[in-house]
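Coordinates from structure30.cif are shown below (mmCIF, C-alpha atoms and all ligand atoms).
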data_my_file
loop_
_atom_site.group_PDB
_atom_site.id
_atom_site.type_symbol
_atom_site.label_atom_id
_atom_site.label_comp_id
_atom_site.auth_asym_id
_atom_site.auth_seq_id
_atom_site.Cartn_x
_atom_site.Cartn_y
_atom_site.Cartn_z
ATOM 1 C CA MET A 713 4.401 -0.217 -19.213
ATOM 2 C CA HIS A 714 2.866 3.214 -18.847
ATOM 3 C CA PRO A 715 5.302 5.944 -19.981
ATOM 4 C CA SER A 716 4.985 7.753 -16.656
ATOM 5 C CA ASN A 717 6.572 4.725 -15.010
ATOM 6 C CA ILE A 718 9.793 5.106 -16.927
ATOM 7 C CA GLY A 719 12.774 6.986 -15.630
ATOM 8 C CA TYR A 720 11.909 7.442 -11.975
ATOM 9 C CA GLN A 721 14.379 9.640 -10.271
ATOM 10 C CA ILE A 722 14.752 9.789 -6.554
ATOM 11 C CA THR A 723 16.482 12.623 -4.802
ATOM 12 C CA PHE A 724 17.189 12.604 -1.112
ATOM 13 C CA PHE A 725 17.115 15.916 0.710
ATOM 14 C CA ASP A 726 18.369 16.738 4.201
ATOM 15 C CA THR A 727 21.435 14.639 3.588
ATOM 16 C CA PRO A 728 24.459 15.417 1.471
ATOM 17 C CA VAL A 729 22.435 15.475 -1.744
ATOM 18 C CA SER A 730 22.730 12.235 -3.626
ATOM 19 C CA GLU A 731 20.858 11.337 -6.749
ATOM 20 C CA HIS A 732 19.607 7.975 -7.527
ATOM 21 C CA VAL A 733 17.962 6.749 -10.709
ATOM 22 C CA VAL A 734 15.736 3.848 -9.956
ATOM 23 C CA ASN A 735 15.627 1.046 -12.435
ATOM 24 C CA VAL A 736 11.876 0.627 -12.664
ATOM 25 C CA ALA A 737 12.276 -2.619 -14.555
ATOM 26 C CA SER A 738 13.393 -3.964 -11.169
ATOM 27 C CA VAL A 739 10.045 -3.093 -9.555
ATOM 28 C CA PRO A 740 7.511 -5.624 -10.805
ATOM 29 C CA GLN A 741 3.876 -4.628 -10.379
ATOM 30 C CA ARG A 742 2.485 -7.385 -8.206
ATOM 31 C CA SER A 743 -0.583 -5.894 -6.570
ATOM 32 C CA PRO A 744 -4.107 -6.627 -7.791
ATOM 33 C CA PHE A 745 -5.030 -3.074 -6.724
ATOM 34 C CA ARG A 746 -4.355 0.351 -8.105
ATOM 35 C CA TYR A 747 -4.124 2.024 -4.773
ATOM 36 C CA PRO A 748 -4.360 5.687 -3.730
ATOM 37 C CA GLY A 749 -1.127 6.457 -1.895
ATOM 38 C CA GLY A 750 0.420 3.204 -3.198
ATOM 39 C CA LYS A 751 4.152 2.912 -2.546
ATOM 40 C CA THR A 752 5.505 1.121 -5.622
ATOM 41 C CA TRP A 753 8.019 3.924 -6.080
ATOM 42 C CA LEU A 754 9.453 3.333 -2.595
ATOM 43 C CA ILE A 755 10.339 -0.297 -3.321
ATOM 44 C CA PRO A 756 14.018 0.402 -4.092
ATOM 45 C CA CYS A 757 14.308 2.092 -0.654
ATOM 46 C CA ILE A 758 12.577 -0.840 1.047
ATOM 47 C CA ARG A 759 15.043 -3.265 -0.520
ATOM 48 C CA GLN A 760 17.927 -1.074 0.599
ATOM 49 C CA TRP A 761 16.572 -0.932 4.136
ATOM 50 C CA LEU A 762 15.908 -4.670 4.559
ATOM 51 C CA THR A 763 19.166 -5.793 3.004
ATOM 52 C CA SER A 764 21.083 -3.405 5.284
ATOM 53 C CA LEU A 765 19.871 -5.254 8.399
ATOM 54 C CA ASP A 766 22.253 -7.627 10.198
ATOM 55 C CA LYS A 767 19.844 -10.500 9.879
ATOM 56 C CA ARG A 768 16.931 -11.270 7.571
ATOM 57 C CA PRO A 769 13.770 -10.494 9.592
ATOM 58 C CA SER A 770 11.696 -13.490 10.699
ATOM 59 C CA VAL A 771 8.589 -11.372 10.349
ATOM 60 C CA PHE A 772 7.816 -8.384 8.156
ATOM 61 C CA LEU A 773 4.748 -6.625 9.536
ATOM 62 C CA GLU A 774 2.765 -4.138 7.463
ATOM 63 C CA PRO A 775 -0.026 -2.768 9.686
ATOM 64 C CA PHE A 776 -1.667 -0.523 7.014
ATOM 65 C CA VAL A 777 -1.379 -2.701 3.945
ATOM 66 C CA GLY A 778 -3.768 -1.106 1.425
ATOM 67 C CA GLY A 779 -2.749 -2.362 -2.034
ATOM 68 C CA GLY A 780 0.129 -4.295 -0.495
ATOM 69 C CA ILE A 781 2.921 -3.707 -3.001
ATOM 70 C CA VAL A 782 5.517 -3.504 -0.234
ATOM 71 C CA GLY A 783 4.529 -6.664 1.654
ATOM 72 C CA LEU A 784 4.075 -8.579 -1.609
ATOM 73 C CA THR A 785 7.529 -7.577 -2.827
ATOM 74 C CA VAL A 786 9.082 -8.626 0.488
ATOM 75 C CA ALA A 787 7.363 -12.014 0.255
ATOM 76 C CA PHE A 788 8.194 -12.593 -3.430
ATOM 77 C CA GLU A 789 11.823 -11.548 -3.022
ATOM 78 C CA GLY A 790 12.334 -13.469 0.223
ATOM 79 C CA LEU A 791 13.404 -10.317 2.073
ATOM 80 C CA ALA A 792 11.837 -11.726 5.262
ATOM 81 C CA GLU A 793 10.850 -15.230 6.326
ATOM 82 C CA HIS A 794 7.182 -14.403 6.803
ATOM 83 C CA VAL A 795 4.956 -11.440 6.003
ATOM 84 C CA ILE A 796 1.978 -10.247 8.066
ATOM 85 C CA LEU A 797 -0.443 -7.819 6.452
ATOM 86 C CA VAL A 798 -3.155 -5.905 8.336
ATOM 87 C CA GLU A 799 -6.028 -3.818 6.974
ATOM 88 C CA LEU A 800 -9.176 -2.360 8.546
ATOM 89 C CA ASP A 801 -11.142 -1.612 5.372
ATOM 90 C CA LYS A 802 -13.629 -4.440 4.886
ATOM 91 C CA GLN A 803 -13.682 -4.111 1.089
ATOM 92 C CA VAL A 804 -9.900 -4.247 0.811
ATOM 93 C CA ALA A 805 -9.660 -6.989 3.426
ATOM 94 C CA ALA A 806 -12.065 -9.180 1.419
ATOM 95 C CA VAL A 807 -9.601 -9.208 -1.495
ATOM 96 C CA TRP A 808 -6.668 -10.282 0.691
ATOM 97 C CA GLN A 809 -8.769 -12.860 2.533
ATOM 98 C CA THR A 810 -10.014 -14.343 -0.740
ATOM 99 C CA ILE A 811 -6.628 -14.560 -2.443
ATOM 100 C CA LEU A 812 -4.769 -15.810 0.619
ATOM 101 C CA GLY A 813 -7.624 -17.976 1.879
ATOM 102 C CA GLY A 814 -7.719 -20.506 -0.970
ATOM 103 C CA GLU A 815 -10.166 -18.727 -3.314
ATOM 104 C CA ALA A 816 -7.636 -17.074 -5.624
ATOM 105 C CA GLU A 817 -8.561 -19.250 -8.599
ATOM 106 C CA TRP A 818 -12.259 -18.488 -8.110
ATOM 107 C CA LEU A 819 -11.499 -14.761 -8.118
ATOM 108 C CA ALA A 820 -9.193 -14.987 -11.153
ATOM 109 C CA GLU A 821 -11.858 -16.885 -13.139
ATOM 110 C CA ARG A 822 -14.622 -14.496 -12.046
ATOM 111 C CA ILE A 823 -12.531 -11.577 -13.347
ATOM 112 C CA LEU A 824 -11.642 -13.317 -16.620
ATOM 113 C CA ASN A 825 -15.290 -14.168 -17.310
ATOM 114 C CA PHE A 826 -16.700 -10.739 -16.554
ATOM 115 C CA ASP A 827 -17.580 -8.414 -19.400
ATOM 116 C CA VAL A 828 -17.169 -4.832 -18.199
ATOM 117 C CA THR A 829 -19.997 -2.627 -19.486
ATOM 118 C CA LEU A 830 -21.822 0.187 -17.741
ATOM 119 C CA PRO A 831 -24.920 -2.010 -17.032
ATOM 120 C CA SER A 832 -22.860 -5.035 -15.866
ATOM 121 C CA VAL A 833 -20.802 -2.857 -13.508
ATOM 122 C CA MET A 834 -23.931 -1.085 -12.207
ATOM 123 C CA GLU A 835 -25.461 -4.467 -11.475
ATOM 124 C CA VAL A 836 -22.440 -5.654 -9.449
ATOM 125 C CA LEU A 837 -22.434 -2.383 -7.521
ATOM 126 C CA SER A 838 -26.159 -2.544 -6.753
ATOM 127 C CA LEU A 839 -26.087 -6.000 -5.176
ATOM 128 C CA GLU A 840 -25.005 -6.496 -1.574
ATOM 129 C CA PRO A 841 -22.350 -9.263 -1.746
ATOM 130 C CA ASN A 842 -23.426 -12.321 0.204
ATOM 131 C CA ASP A 843 -19.982 -13.670 0.953
ATOM 132 C CA SER A 844 -16.447 -12.463 1.253
ATOM 133 C CA ARG A 845 -15.308 -13.669 -2.192
ATOM 134 C CA GLU A 846 -18.186 -11.816 -3.899
ATOM 135 C CA GLU A 847 -17.191 -8.778 -1.863
ATOM 136 C CA ALA A 848 -13.607 -9.221 -3.096
ATOM 137 C CA PHE A 849 -14.844 -9.299 -6.687
ATOM 138 C CA ARG A 850 -16.938 -6.180 -6.154
ATOM 139 C CA THR A 851 -13.925 -4.412 -4.636
ATOM 140 C CA ILE A 852 -11.815 -5.253 -7.691
ATOM 141 C CA ILE A 853 -14.566 -3.963 -9.997
ATOM 142 C CA LYS A 854 -14.848 -0.719 -7.996
ATOM 143 C CA ASN A 855 -11.089 -0.290 -7.794
ATOM 144 C CA ARG A 856 -10.820 -0.610 -11.590
ATOM 145 C CA THR A 857 -13.844 1.471 -12.593
ATOM 146 C CA PHE A 858 -13.828 4.303 -10.041
ATOM 147 C CA HIS A 859 -11.780 7.472 -10.354
ATOM 148 C CA GLY A 860 -8.291 6.969 -8.931
ATOM 149 C CA GLY A 861 -9.258 3.481 -7.727
ATOM 150 C CA ILE A 862 -10.844 5.193 -4.724
ATOM 151 C CA LEU A 863 -13.121 2.926 -2.675
ATOM 152 C CA ALA A 864 -14.174 5.475 -0.029
ATOM 153 C CA PRO A 865 -17.719 6.874 0.087
ATOM 154 C CA GLY A 866 -18.166 9.703 -2.411
ATOM 155 C CA SER A 867 -16.008 8.182 -5.156
ATOM 156 C CA ALA A 868 -17.526 7.871 -8.612
ATOM 157 C CA LEU A 869 -17.304 5.837 -11.792
ATOM 158 C CA ILE A 870 -14.794 6.854 -14.466
ATOM 159 C CA LYS A 871 -16.738 8.381 -17.337
ATOM 160 C CA ASN A 872 -14.092 9.282 -19.883
ATOM 161 C CA GLY A 873 -11.102 7.091 -19.241
ATOM 162 C CA GLU A 874 -7.865 6.810 -21.194
ATOM 163 C CA ASN A 875 -8.351 6.990 -24.983
ATOM 164 C CA GLY A 876 -12.095 7.404 -24.599
ATOM 165 C CA LYS A 877 -12.291 3.845 -23.282
ATOM 166 C CA GLY A 878 -14.522 4.936 -20.414
ATOM 167 C CA ILE A 879 -15.021 2.538 -17.538
ATOM 168 C CA LYS A 880 -12.934 -0.098 -19.334
ATOM 169 C CA SER A 881 -9.822 2.090 -19.336
ATOM 170 C CA ARG A 882 -8.294 0.404 -16.264
ATOM 171 C CA TRP A 883 -9.697 -3.078 -16.809
ATOM 172 C CA TYR A 884 -6.893 -5.554 -17.551
ATOM 173 C CA PRO A 885 -8.423 -8.944 -16.674
ATOM 174 C CA GLU A 886 -5.513 -11.145 -17.814
ATOM 175 C CA THR A 887 -2.992 -9.077 -15.855
ATOM 176 C CA LEU A 888 -5.181 -9.185 -12.758
ATOM 177 C CA ALA A 889 -5.684 -12.936 -13.013
ATOM 178 C CA LYS A 890 -1.942 -13.445 -13.450
ATOM 179 C CA ARG A 891 -1.109 -11.368 -10.372
ATOM 180 C CA ILE A 892 -3.756 -13.110 -8.268
ATOM 181 C CA ARG A 893 -2.487 -16.558 -9.309
ATOM 182 C CA ALA A 894 1.104 -15.535 -8.598
ATOM 183 C CA ILE A 895 0.185 -14.447 -5.050
ATOM 184 C CA GLU A 896 -1.642 -17.737 -4.559
ATOM 185 C CA CYS A 897 1.639 -19.566 -5.294
ATOM 186 C CA ILE A 898 3.363 -17.954 -2.298
ATOM 187 C CA ARG A 899 0.412 -17.712 0.041
ATOM 188 C CA ASP A 900 2.034 -19.826 2.748
ATOM 189 C CA LYS A 901 4.535 -16.978 3.205
ATOM 190 C CA ILE A 902 1.810 -14.417 3.967
ATOM 191 C CA THR A 903 -0.704 -14.035 6.801
ATOM 192 C CA PHE A 904 -3.499 -11.504 6.504
ATOM 193 C CA ILE A 905 -5.258 -10.007 9.530
ATOM 194 C CA PHE A 906 -8.508 -8.049 9.174
ATOM 195 C CA GLY A 907 -8.288 -5.552 12.010
ATOM 196 C CA ASP A 908 -6.567 -2.583 13.562
ATOM 197 C CA GLY A 909 -2.925 -2.193 12.540
ATOM 198 C CA ILE A 910 -1.809 -0.536 15.768
ATOM 199 C CA ALA A 911 -3.314 -3.334 17.874
ATOM 200 C CA VAL A 912 -1.358 -5.912 15.843
ATOM 201 C CA MET A 913 1.831 -3.810 16.173
ATOM 202 C CA GLN A 914 1.410 -3.983 19.958
ATOM 203 C CA ASP A 915 1.690 -7.781 19.800
ATOM 204 C CA TYR A 916 5.103 -7.567 18.103
ATOM 205 C CA THR A 917 6.797 -4.615 19.820
ATOM 206 C CA ARG A 918 9.050 -6.945 21.840
ATOM 207 C CA SER A 919 10.122 -9.154 18.943
ATOM 208 C CA ASN A 920 13.587 -8.148 17.787
ATOM 209 C CA HIS A 921 13.265 -10.293 14.674
ATOM 210 C CA THR A 922 10.354 -8.272 13.326
ATOM 211 C CA ALA A 923 10.649 -5.442 10.799
ATOM 212 C CA PHE A 924 7.718 -3.003 10.600
ATOM 213 C CA PHE A 925 6.764 -0.952 7.564
ATOM 214 C CA VAL A 926 4.189 1.627 8.612
ATOM 215 C CA ASP A 927 2.320 3.686 6.001
ATOM 216 C CA PRO A 928 -0.756 5.034 7.809
ATOM 217 C CA PRO A 929 -3.481 7.229 6.341
ATOM 218 C CA TYR A 930 -2.381 10.810 6.868
ATOM 219 C CA THR A 931 -2.922 14.021 5.018
ATOM 220 C CA ALA A 932 -1.242 17.173 6.152
ATOM 221 C CA GLY A 933 -2.765 20.605 5.901
ATOM 222 C CA GLY A 934 -5.546 21.220 8.408
ATOM 223 C CA ALA A 935 -9.169 21.080 7.293
ATOM 224 C CA ASN A 936 -8.363 20.734 3.569
ATOM 225 C CA GLY A 937 -5.955 17.926 4.241
ATOM 226 C CA LYS A 938 -8.510 16.180 6.391
ATOM 227 C CA ARG A 939 -11.060 16.388 3.620
ATOM 228 C CA ALA A 940 -8.523 14.929 1.179
ATOM 229 C CA GLY A 941 -7.769 12.048 3.547
ATOM 230 C CA LYS A 942 -11.452 11.337 3.902
ATOM 231 C CA ARG A 943 -11.842 11.270 0.147
ATOM 232 C CA LEU A 944 -9.178 8.563 -0.278
ATOM 233 C CA TYR A 945 -9.859 6.059 2.493
ATOM 234 C CA THR A 946 -12.942 4.866 4.360
ATOM 235 C CA HIS A 947 -10.766 4.603 7.485
ATOM 236 C CA HIS A 948 -8.730 7.772 7.619
ATOM 237 C CA GLU A 949 -8.683 8.701 11.302
ATOM 238 C CA ILE A 950 -5.650 7.438 13.184
ATOM 239 C CA ASP A 951 -4.320 8.498 16.554
ATOM 240 C CA HIS A 952 -0.844 9.448 15.293
ATOM 241 C CA GLU A 953 0.439 10.225 18.776
ATOM 242 C CA TYR A 954 -0.524 6.728 19.881
ATOM 243 C CA LEU A 955 1.019 5.233 16.743
ATOM 244 C CA PHE A 956 4.336 6.980 17.470
ATOM 245 C CA SER A 957 4.257 5.953 21.108
ATOM 246 C CA THR A 958 3.794 2.343 19.938
ATOM 247 C CA ALA A 959 6.508 2.705 17.272
ATOM 248 C CA THR A 960 9.009 3.960 19.810
ATOM 249 C CA ARG A 961 8.580 0.793 21.902
ATOM 250 C CA VAL A 962 9.467 -1.477 18.980
ATOM 251 C CA VAL A 963 12.706 -3.358 19.656
ATOM 252 C CA GLY A 964 12.939 -4.677 16.075
ATOM 253 C CA ASP A 965 13.445 -2.427 13.091
ATOM 254 C CA ILE A 966 10.841 0.056 11.984
ATOM 255 C CA LEU A 967 10.376 2.323 8.984
ATOM 256 C CA LEU A 968 7.469 4.758 8.877
ATOM 257 C CA THR A 969 6.440 6.862 5.925
ATOM 258 C CA TYR A 970 4.363 10.030 6.073
ATOM 259 C CA ASP A 971 3.592 13.162 4.113
ATOM 260 C CA ASP A 972 6.322 15.659 4.852
ATOM 261 C CA SER A 973 4.743 18.223 7.180
ATOM 262 C CA PRO A 974 5.884 20.233 10.208
ATOM 263 C CA ASP A 975 3.430 18.337 12.446
ATOM 264 C CA VAL A 976 4.897 14.990 11.468
ATOM 265 C CA ARG A 977 8.482 16.240 11.847
ATOM 266 C CA ASP A 978 7.541 17.456 15.306
ATOM 267 C CA LEU A 979 6.038 14.090 16.276
ATOM 268 C CA ALA A 980 9.114 12.249 14.986
ATOM 269 C CA SER A 981 11.464 14.501 16.884
ATOM 270 C CA ARG A 982 9.487 14.211 20.130
ATOM 271 C CA TYR A 983 9.800 10.419 19.880
ATOM 272 C CA SER A 984 13.527 10.627 18.983
ATOM 273 C CA PHE A 985 13.276 9.338 15.427
ATOM 274 C CA GLU A 986 15.477 10.380 12.505
ATOM 275 C CA VAL A 987 13.741 11.750 9.401
ATOM 276 C CA LYS A 988 14.769 12.076 5.768
ATOM 277 C CA SER A 989 12.724 13.441 2.937
ATOM 278 C CA VAL A 990 12.603 11.508 -0.314
ATOM 279 C CA ALA A 991 11.316 12.933 -3.578
ATOM 280 C CA MET A 992 10.522 11.285 -6.826
ATOM 281 C CA LYS A 993 9.850 12.847 -10.185
ATOM 282 C CA ASN A 994 8.439 10.952 -13.073
ATOM 283 C CA THR A 995 8.558 11.889 -16.722
ATOM 284 C CA HIS A 996 5.209 13.669 -16.479
ATOM 285 C CA HIS A 997 6.798 15.976 -13.915
ATOM 286 C CA ALA A 998 4.444 14.864 -11.188
ATOM 287 C CA LYS A 999 6.455 15.056 -7.992
ATOM 288 C CA MET A 1000 5.883 12.847 -5.010
ATOM 289 C CA THR A 1001 7.575 13.370 -1.697
ATOM 290 C CA GLU A 1002 7.518 11.349 1.472
ATOM 291 C CA LEU A 1003 9.144 11.603 4.831
ATOM 292 C CA LEU A 1004 10.946 8.440 5.886
ATOM 293 C CA ILE A 1005 11.150 8.000 9.652
ATOM 294 C CA SER A 1006 13.231 5.465 11.552
ATOM 295 C CA HIS A 1007 15.666 5.035 14.443
ATOM 296 C CA ASN A 1008 18.517 4.897 11.981
ATOM 297 C CA LEU A 1009 18.485 6.005 8.347
ATOM 298 C CA GLU A 1010 22.171 5.578 7.570
ATOM 299 C CA TRP A 1011 21.384 2.910 5.006
ATOM 300 C CA LEU A 1012 19.557 5.492 2.845
ATOM 301 C CA HIS A 1013 22.155 6.721 0.387
HETATM 302 C C1 LIG B 1 -1.585 5.101 2.931
HETATM 303 S S1 LIG B 1 -2.620 3.701 2.759
HETATM 304 C C2 LIG B 1 -1.449 2.385 2.568
HETATM 305 C C3 LIG B 1 -0.970 2.262 1.141
HETATM 306 C C4 LIG B 1 -0.031 1.074 0.942
HETATM 307 N N1 LIG B 1 1.262 1.293 1.548
HETATM 308 C C5 LIG B 1 0.139 0.757 -0.541
HETATM 309 O O1 LIG B 1 1.269 0.814 -1.069
HETATM 310 O O2 LIG B 1 -0.878 0.462 -1.195
HETATM 311 C C6 LIG B 1 -3.222 3.453 4.390
HETATM 312 C C7 LIG B 1 -4.143 2.249 4.570
HETATM 313 O O3 LIG B 1 -4.425 2.078 5.966
HETATM 314 C C8 LIG B 1 -5.753 1.569 6.086
HETATM 315 N N2 LIG B 1 -6.161 1.799 7.484
HETATM 316 C C9 LIG B 1 -6.706 2.911 8.041
HETATM 317 N N3 LIG B 1 -6.849 2.764 9.370
HETATM 318 C C10 LIG B 1 -6.374 1.522 9.674
HETATM 319 C C11 LIG B 1 -6.212 0.811 10.895
HETATM 320 N N4 LIG B 1 -6.560 1.324 12.075
HETATM 321 N N5 LIG B 1 -5.673 -0.419 10.831
HETATM 322 C C12 LIG B 1 -5.300 -0.974 9.655
HETATM 323 N N6 LIG B 1 -5.431 -0.332 8.464
HETATM 324 C C13 LIG B 1 -5.958 0.902 8.473
HETATM 325 C C14 LIG B 1 -6.514 2.336 5.040
HETATM 326 O O4 LIG B 1 -7.714 1.654 4.721
HETATM 327 C C15 LIG B 1 -5.508 2.348 3.887
HETATM 328 O O5 LIG B 1 -5.669 1.202 3.095
#
Let me see whether you can do it: turn the structure in this file into structure tokens.
Ligand SMILES: C[S@@+](CC[C@H](N)C(=O)[O-])C[C@H]1O[C@@H](n2cnc3c(N)ncnc32)[C@H](O)[C@@H]1O
Amino acid sequence: MHPSNIGYQITFFDTPVSEHVVNVASVPQRSPFRYPGGKTWLIPCIRQWLTSLDKRPSVFLEPFVGGGIVGLTVAFEGLAEHVILVELDKQVAAVWQTILGGEAEWLAERILNFDVTLPSVMEVLSLEPNDSREEAFRTIIKNRTFHGGILAPGSALIKNGENGKGIKSRWYPETLAKRIRAIECIRDKITFIFGDGIAVMQDYTRSNHTAFFVDPPYTAGGANGKRAGKRLYTHHEIDHEYLFSTATRVVGDILLTYDDSPDVRDLASRYSFEVKSVAMKNTHHAKMTELLISHNLEWLH
């Protein structure tokens, strides 16, 4: 385990201050991605939220799945009967479609048999994949050899990775194969949809047995923030007003997470949601904060 993953501490603001040390050993890394904006550190809150509900949700819907750590954890831990994941990025979608569509073993073997060198990676990147599983493989290669795992246009290969290991510094083929094979084992619990997350949300707004976890692309801070959002995701433009107007019609349970900014607080308040800010510090003193938004946040203690 990377040292920065040890000793997570979560502090909740805006409430009587309570401190909460998360046992990171209880958050298994299950995603095949390293994902910008990934929410591994929110997993303890997600567990708290879902176990506080009167009834286990029939459906857990994640309309902006990205690296999928939340939906995967829900499926592995049986926190809902079925999990639906949605993603609009074709490269990311190819990975989910391949793993959940019966080609997990192919992908695991392809990864295990690939020797990562600068020329071999350049070759994979130069060829247009001719099917979705080759696209999935290329996505994994990019995600592991590009700075920050960023797949959006403008991202670049890692030159000097950890310990001078260069482009190999994030390449852990056995771990990837293991995670992919593990997901394959529970694939009947997960449905993946390649498409627009808000459109899929619309189909479930009237289901009171559905729980929604909504983590859309959003970067606060005017023009600079917009540039940052563009740097991280190929699809970074979302109509947040429309998303909130959809979220407010949900009769099931919904938890949204956003960067904490005055604009988002304003949106939440206009649609009568509660908000609480959550912060996490790791041992490298990097601080991450998020705004949790829901109809009821009493379970967050
Ligand atoms: C903040 S990231 C989600 C990170 C995720 N929670 C995780 O832990 O890895 C937002 C994701 O939404 C995707 N996205 C953007 N627009 C979308 C849309 N209209 N429908 C579905 N997904 C979309 C982006 O490609 C990105 O993967």
At most 12 Å from (-17.0, -8.4, -6.9), file frame, only C-alpha atoms: which residues, as an mmCIF file with C-alpha atoms, in the frame of the given file?
data_model
loop_
_atom_site.group_PDB
_atom_site.id
_atom_site.type_symbol
_atom_site.label_atom_id
_atom_site.label_comp_id
_atom_site.auth_asym_id
_atom_site.auth_seq_id
_atom_site.Cartn_x
_atom_site.Cartn_y
_atom_site.Cartn_z
ATOM 1 C CA GLN A 803 -13.682 -4.111 1.089
ATOM 2 C CA VAL A 804 -9.900 -4.247 0.811
ATOM 3 C CA ALA A 806 -12.065 -9.180 1.419
ATOM 4 C CA VAL A 807 -9.601 -9.208 -1.495
ATOM 5 C CA THR A 810 -10.014 -14.343 -0.740
ATOM 6 C CA TRP A 818 -12.259 -18.488 -8.110
ATOM 7 C CA LEU A 819 -11.499 -14.761 -8.118
ATOM 8 C CA ALA A 820 -9.193 -14.987 -11.153
ATOM 9 C CA GLU A 821 -11.858 -16.885 -13.139
ATOM 10 C CA ARG A 822 -14.622 -14.496 -12.046
ATOM 11 C CA ILE A 823 -12.531 -11.577 -13.347
ATOM 12 C CA PHE A 826 -16.700 -10.739 -16.554
ATOM 13 C CA VAL A 828 -17.169 -4.832 -18.199
ATOM 14 C CA SER A 832 -22.860 -5.035 -15.866
ATOM 15 C CA VAL A 833 -20.802 -2.857 -13.508
ATOM 16 C CA MET A 834 -23.931 -1.085 -12.207
ATOM 17 C CA GLU A 835 -25.461 -4.467 -11.475
ATOM 18 C CA VAL A 836 -22.440 -5.654 -9.449
ATOM 19 C CA LEU A 837 -22.434 -2.383 -7.521
ATOM 20 C CA SER A 838 -26.159 -2.544 -6.753
ATOM 21 C CA LEU A 839 -26.087 -6.000 -5.176
ATOM 22 C CA GLU A 840 -25.005 -6.496 -1.574
ATOM 23 C CA PRO A 841 -22.350 -9.263 -1.746
ATOM 24 C CA ASN A 842 -23.426 -12.321 0.204
ATOM 25 C CA ASP A 843 -19.982 -13.670 0.953
ATOM 26 C CA SER A 844 -16.447 -12.463 1.253
ATOM 27 C CA ARG A 845 -15.308 -13.669 -2.192
ATOM 28 C CA GLU A 846 -18.186 -11.816 -3.899
ATOM 29 C CA GLU A 847 -17.191 -8.778 -1.863
ATOM 30 C CA ALA A 848 -13.607 -9.221 -3.096
ATOM 31 C CA PHE A 849 -14.844 -9.299 -6.687
ATOM 32 C CA ARG A 850 -16.938 -6.180 -6.154
ATOM 33 C CA THR A 851 -13.925 -4.412 -4.636
ATOM 34 C CA ILE A 852 -11.815 -5.253 -7.691
ATOM 35 C CA ILE A 853 -14.566 -3.963 -9.997
ATOM 36 C CA LYS A 854 -14.848 -0.719 -7.996
ATOM 37 C CA ASN A 855 -11.089 -0.290 -7.794
ATOM 38 C CA ARG A 856 -10.820 -0.610 -11.590
ATOM 39 C CA THR A 857 -13.844 1.471 -12.593
#
| request: Would you mind listing the residues within 6 Å of ligand LIG 1 (chain B), counting only C-alpha atoms and all ligand atoms, as number ranges by chain? | output: A: 747, 749-751, 775-781, 798-801, 907-909, 927-929, 945, 947-948
Chain and number of each residue from the PyMOL selection byres (((chain A and resi 758) around 10) and not hetatm), as a PDB file with C-alpha atoms, in the coordinates of the input:
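Here's the written file part26.pdb:
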ATOM      1  CA  LYS A 751       4.152   2.912  -2.546  1.00  0.00           C
ATOM      2  CA  THR A 752       5.505   1.121  -5.622  1.00  0.00           C
ATOM      3  CA  TRP A 753       8.019   3.924  -6.080  1.00  0.00           C
ATOM      4  CA  LEU A 754       9.453   3.333  -2.595  1.00  0.00           C
ATOM      5  CA  ILE A 755      10.339  -0.297  -3.321  1.00  0.00           C
ATOM      6  CA  PRO A 756      14.018   0.402  -4.092  1.00  0.00           C
ATOM      7  CA  CYS A 757      14.308   2.092  -0.654  1.00  0.00           C
ATOM      8  CA  ARG A 759      15.043  -3.265  -0.520  1.00  0.00           C
ATOM      9  CA  GLN A 760      17.927  -1.074   0.599  1.00  0.00           C
ATOM     10  CA  TRP A 761      16.572  -0.932   4.136  1.00  0.00           C
ATOM     11  CA  LEU A 762      15.908  -4.670   4.559  1.00  0.00           C
ATOM     12  CA  THR A 763      19.166  -5.793   3.004  1.00  0.00           C
ATOM     13  CA  SER A 764      21.083  -3.405   5.284  1.00  0.00           C
ATOM     14  CA  VAL A 782       5.517  -3.504  -0.234  1.00  0.00           C
ATOM     15  CA  GLY A 783       4.529  -6.664   1.654  1.00  0.00           C
ATOM     16  CA  THR A 785       7.529  -7.577  -2.827  1.00  0.00           C
ATOM     17  CA  VAL A 786       9.082  -8.626   0.488  1.00  0.00           C
ATOM     18  CA  LEU A 791      13.404 -10.317   2.073  1.00  0.00           C
ATOM     19  CA  PHE A 925       6.764  -0.952   7.564  1.00  0.00           C
ATOM     20  CA  LEU A 967      10.376   2.323   8.984  1.00  0.00           C
ATOM     21  CA  LEU A1012      19.557   5.492   2.845  1.00  0.00           C
TER      22      LEU A1012
END
| task | For the structure provided, state which residues fall under the PyMOL selection byres (((chain A and resi 921) around 12) and not hetatm), and present them as a PyMOL selection string. | result | chain A and resi 762+765-773+792-794+916-920+922-924+962-966
Written selection (C-alpha atoms) as a short mmCIF file (atom, residue, chain, number, x, y, z; two decimals), keeping the file's coordinate frame:
data_model
loop_
_atom_site.label_atom_id
_atom_site.label_comp_id
_atom_site.auth_asym_id
_atom_site.auth_seq_id
_atom_site.Cartn_x
_atom_site.Cartn_y
_atom_site.Cartn_z
CA LEU A 762 15.91 -4.67 4.56
CA LEU A 765 19.87 -5.25 8.40
CA ASP A 766 22.25 -7.63 10.20
CA LYS A 767 19.84 -10.50 9.88
CA ARG A 768 16.93 -11.27 7.57
CA PRO A 769 13.77 -10.49 9.59
CA SER A 770 11.70 -13.49 10.70
CA VAL A 771 8.59 -11.37 10.35
CA PHE A 772 7.82 -8.38 8.16
CA LEU A 773 4.75 -6.62 9.54
CA ALA A 792 11.84 -11.73 5.26
CA GLU A 793 10.85 -15.23 6.33
CA HIS A 794 7.18 -14.40 6.80
CA TYR A 916 5.10 -7.57 18.10
CA THR A 917 6.80 -4.62 19.82
CA ARG A 918 9.05 -6.94 21.84
CA SER A 919 10.12 -9.15 18.94
CA ASN A 920 13.59 -8.15 17.79
CA THR A 922 10.35 -8.27 13.33
CA ALA A 923 10.65 -5.44 10.80
CA PHE A 924 7.72 -3.00 10.60
CA VAL A 962 9.47 -1.48 18.98
CA VAL A 963 12.71 -3.36 19.66
CA GLY A 964 12.94 -4.68 16.08
CA ASP A 965 13.44 -2.43 13.09
CA ILE A 966 10.84 0.06 11.98
#
